[in-house]
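Written below as structure tokens is the structure these notes are about.
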Amino acid sequence: MTNHGIVSGFPRSGTSAVMHHLKKNGVPIFYQGEHADEFNPQGYFESPQIMSACISGNAEKMLDSLDGFTFKMPLPHHLQWLPQKNRQFFVIWLDREPLLSAISLRKLNFAKGAKFQSPVDELAKNIADLRAKSLDFLSSHPSFQVLRVPQQELDNHVSAIINHLHPVFTGKSPSLPSVHQILTRFGHAAHRFARSGFATTPPEILAQREATCRACDQWDAAALNSTGRCRKCGCSTWAKLRMATEACPLGKWTAVPPSNSPSAI
């Protein structure tokens with residue numbers, strides 16, 4: 001089994017910025033020239049040989065040589081051409097509003113000498129359609145584990161991105177607490193939750209908790225059917241965040257005081 005990291009989403013969605021962060025943090029990346037310019041001062045980090053090999057159906061040997069590396073594929077519909085047998089792909093998916101991507105892409109293409117570009121609304125619709133199809137493909141193929149990152153919040157998610165790619169450059173996932181420890185903690189959490197009258201987390205506090213976990217390097221977005229798990233305590237983040245009585249094991253958020261905890265259903 002070989003492990004590969006992929007940075008994708010669509011052009012002008014922040015894929016180059018992710019590659020720059022990975023290089024800066026010492027994560028092994030593969031690229032064929034940075035080619036920096038005014039639109040990407042830190043470089044594009046493109047890999048045209050990989051794209052060409054995928055399209056021609058000759059990517060097997062190239063991927064064999066890239067075990068443990070992360071590379072960029074900014075056209076997400078090309079992911080379907082990657083050979084999946086005995087491979088695991090850890091995808092960093094950049095989310096950006098299609099209209100903003102379309103505006104930026106048109107500007108870039110015109111600056112590079114393009115004589116004609118599709119109207120911005122039409123280009124945005126094409127981007128949205130291709131993204132939707134690509135995400136459907138990824139969700140239906142277990143060879144792909146996806147971490148979705150909002151482009152506008154990229155700088156706050158660098159730790160989570162590196163953590164998601166951990167199995168790629170180490171060959172193994174970070175260790176979790178033992179099953180006995182997880183079950184013991186679950187028992188205590190369930191007891192506290194029941195004693196509170198099943199008090200749930202208010203929506204505004206839940207949103208804050210979710211944002212904190214998503215930016216944490218201990219959050220595993222792909223675990224438990226992509227509902228998320230905290231590697232520090234081993235808990236389902238989907239469940240724990242919603243229990244008003246629970247607190248982050250790293251102290252990043254606390255239990256909701258009883259007076260602010262509405263009774264559960």
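Naming scheme: A, B, ... for chains in displayed order of the structure tokens; residues 1 onward per chain; ligands 1 onward as shown.
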
Near region 135-150 of chain A, 10 Å: region 72-99 of chain A residue rows, closest pairs, only C-alpha atoms, as a Markdown table:
| residue | atom | partner | partner_atom | distance |
| --- | --- | --- | --- | --- |
| A:Pro76 | CA | A:Leu135 | CA | 8.5 |
| A:His77 | CA | A:Phe137 | CA | 8.8 |
| A:Leu79 | CA | A:Leu138 | CA | 8.3 |
| A:Gln80 | CA | A:Phe137 | CA | 7.3 |
| A:Pro83 | CA | A:Ser143 | CA | 9.7 |
| A:Gln84 | CA | A:Ser143 | CA | 6.3 |
| A:Lys85 | CA | A:Ser143 | CA | 8.3 |
| A:Asn86 | CA | A:Ser143 | CA | 8.5 |
| A:Arg87 | CA | A:Ser143 | CA | 6.6 |
| A:Gln88 | CA | A:Ser143 | CA | 4.9 |
| A:Phe89 | CA | A:Phe144 | CA | 4.8 |
| A:Phe90 | CA | A:Gln145 | CA | 4.9 |
| A:Val91 | CA | A:Val146 | CA | 4.7 |
| A:Ile92 | CA | A:Leu147 | CA | 5.1 |
| A:Trp93 | CA | A:Arg148 | CA | 4.6 |
| A:Leu94 | CA | A:Val149 | CA | 5.0 |
| A:Asp95 | CA | A:Pro150 | CA | 4.7 |
| A:Arg96 | CA | A:Pro150 | CA | 6.3 |
| A:Glu97 | CA | A:Pro150 | CA | 9.2 |

Print the selection's residues with C-alpha atoms to a file, as a compact mmCIF listing (two decimals), in the first residue's frame.
# COMPACT_ATOMS: atom_id res chain seq x y z
CA PRO A 76 -10.13 17.95 -9.49
CA HIS A 77 -11.91 16.04 -12.27
CA LEU A 79 -8.52 12.68 -9.76
CA GLN A 80 -10.77 10.02 -11.25
CA PRO A 83 -4.90 4.35 -10.27
CA GLN A 84 -6.39 3.33 -6.91
CA LYS A 85 -5.34 -0.30 -6.44
CA ASN A 86 -3.13 -0.66 -3.33
CA ARG A 87 -3.03 3.12 -2.89
CA GLN A 88 -4.42 5.55 -0.36
CA PHE A 89 -4.83 9.22 -1.22
CA PHE A 90 -5.08 11.90 1.46
CA VAL A 91 -6.69 14.90 -0.22
CA ILE A 92 -6.55 18.51 0.92
CA TRP A 93 -9.58 20.07 -0.79
CA LEU A 94 -9.71 23.86 -1.03
CA ASP A 95 -13.21 25.35 -0.96
CA ARG A 96 -13.76 28.75 -2.55
CA GLU A 97 -16.90 30.41 -3.83

Please identify which residues in region 7-249 of chain A DSSP calls strand (DSSP E or B) from the backbone, and express them as an MDAnalysis selection string.
chainID A and resid 7:8 29 70:72 87:95 144:150 200 219:220 229:230 236 243

Excluding Trp81 (chain A) and residues on its chain fewer than 5 positions from it, collect all residues at most 9 Å away from it, counting only C-alpha atoms, and give them as a PyMOL selection string.
chain A and resi 54-57+59

May I ask for the distance between CA of Ser101 (chain A) and CA of Leu165 (chain A), given in Å to one decimal place?
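Between CA of Ser101 (chain A) and CA of Leu165 (chain A) the gap is 25.0 Å.
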
Atomic separation - CA of Lys115 (chain A) relative to CA of Pro74 (chain A), Å:
22.6 Å

Any chance you could tabulate, as CSV, the residues of region 139-195 of chain A at most 12 Å from region 237-255 of chain A with each one's nearest atom pair and distance in Å to one decimal, using only C-alpha atoms, in chain and rising number order?
residue,atom,partner,partner_atom,distance
A:Arg185,CA,A:Glu246,CA,10.7
A:Phe186,CA,A:Lys240,CA,9.3
A:His188,CA,A:Glu246,CA,10.0
A:Ala189,CA,A:Glu246,CA,6.9
A:Ala190,CA,A:Met243,CA,9.0
A:His191,CA,A:Thr245,CA,9.8
A:Arg192,CA,A:Thr245,CA,6.4
A:Phe193,CA,A:Thr245,CA,5.9
A:Ala194,CA,A:Thr245,CA,9.5
A:Arg195,CA,A:Thr245,CA,9.3

Would you save the residues of that selection, restricted to C-alpha atoms, as an mmCIF file, in the first residue's frame?
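Below is the file that was written, selection_3.cif:
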data_model
loop_
_atom_site.group_PDB
_atom_site.id
_atom_site.type_symbol
_atom_site.label_atom_id
_atom_site.label_comp_id
_atom_site.auth_asym_id
_atom_site.auth_seq_id
_atom_site.Cartn_x
_atom_site.Cartn_y
_atom_site.Cartn_z
ATOM 1 C CA ARG A 185 -14.054 8.288 28.917
ATOM 2 C CA PHE A 186 -17.263 7.652 27.006
ATOM 3 C CA HIS A 188 -17.930 9.235 32.226
ATOM 4 C CA ALA A 189 -19.136 11.619 29.488
ATOM 5 C CA ALA A 190 -22.460 9.795 29.161
ATOM 6 C CA HIS A 191 -22.934 9.941 32.939
ATOM 7 C CA ARG A 192 -22.270 13.711 33.053
ATOM 8 C CA PHE A 193 -24.580 14.254 30.083
ATOM 9 C CA ALA A 194 -27.420 12.281 31.710
ATOM 10 C CA ARG A 195 -27.019 14.064 35.072
#

So, counting only C-alpha atoms, which residue among A:Asp217, A:Ala199, A:Leu82, A:His157 is closest to Ala53 (chain A)?
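Under the stated criterion, the closest residue is A:Leu82.
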
Write out as JSON, numbers by chain each polymer residue whose atoms come within 10 Å of region 227-229 of chain A, counting only C-alpha atoms; drop sequence neighbours fewer than 5 positions from it.
{"A": [176, 213, 214, 218, 219, 220, 221, 222, 234, 235, 236, 237, 238, 239, 240]}

Report the distance between CA of Leu100 (chain A) and CA of Glu122 (chain A) in Å, rounded to one decimal place.
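Computing the Euclidean distance for CA of Leu100 (chain A) and CA of Glu122 (chain A) yields 12.6 Å.
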
Proximity check region 109-177 of chain A to region 9-16 of chain A, 8 Å, nearest pairs one decimal Å, only C-alpha atoms, as JSON lines:
{"residue": "A:Ile127", "atom": "CA", "partner": "A:Phe10", "partner_atom": "CA", "distance": 7.6}
{"residue": "A:Arg131", "atom": "CA", "partner": "A:Gly9", "partner_atom": "CA", "distance": 7.2}
{"residue": "A:Gln151", "atom": "CA", "partner": "A:Gly14", "partner_atom": "CA", "distance": 5.8}
{"residue": "A:Leu154", "atom": "CA", "partner": "A:Gly14", "partner_atom": "CA", "distance": 7.9}

Counting only C-alpha atoms, which of A:Met62, A:Ala160, A:Cys233, A:Ala114 gets nearest to Ser178 (chain A)?
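Checking each of A:Met62, A:Ala160, A:Cys233, A:Ala114 against Ser178 (chain A), counting only C-alpha atoms, the winner is A:Cys233.
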
Out of A:Leu183, A:Phe39, A:His164, A:Pro119, which residue has the shortest atom-to-atom distance to Ser104 (chain A) when counting only C-alpha atoms?
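Counting only C-alpha atoms, the residue closest to Ser104 (chain A) is A:Phe39.
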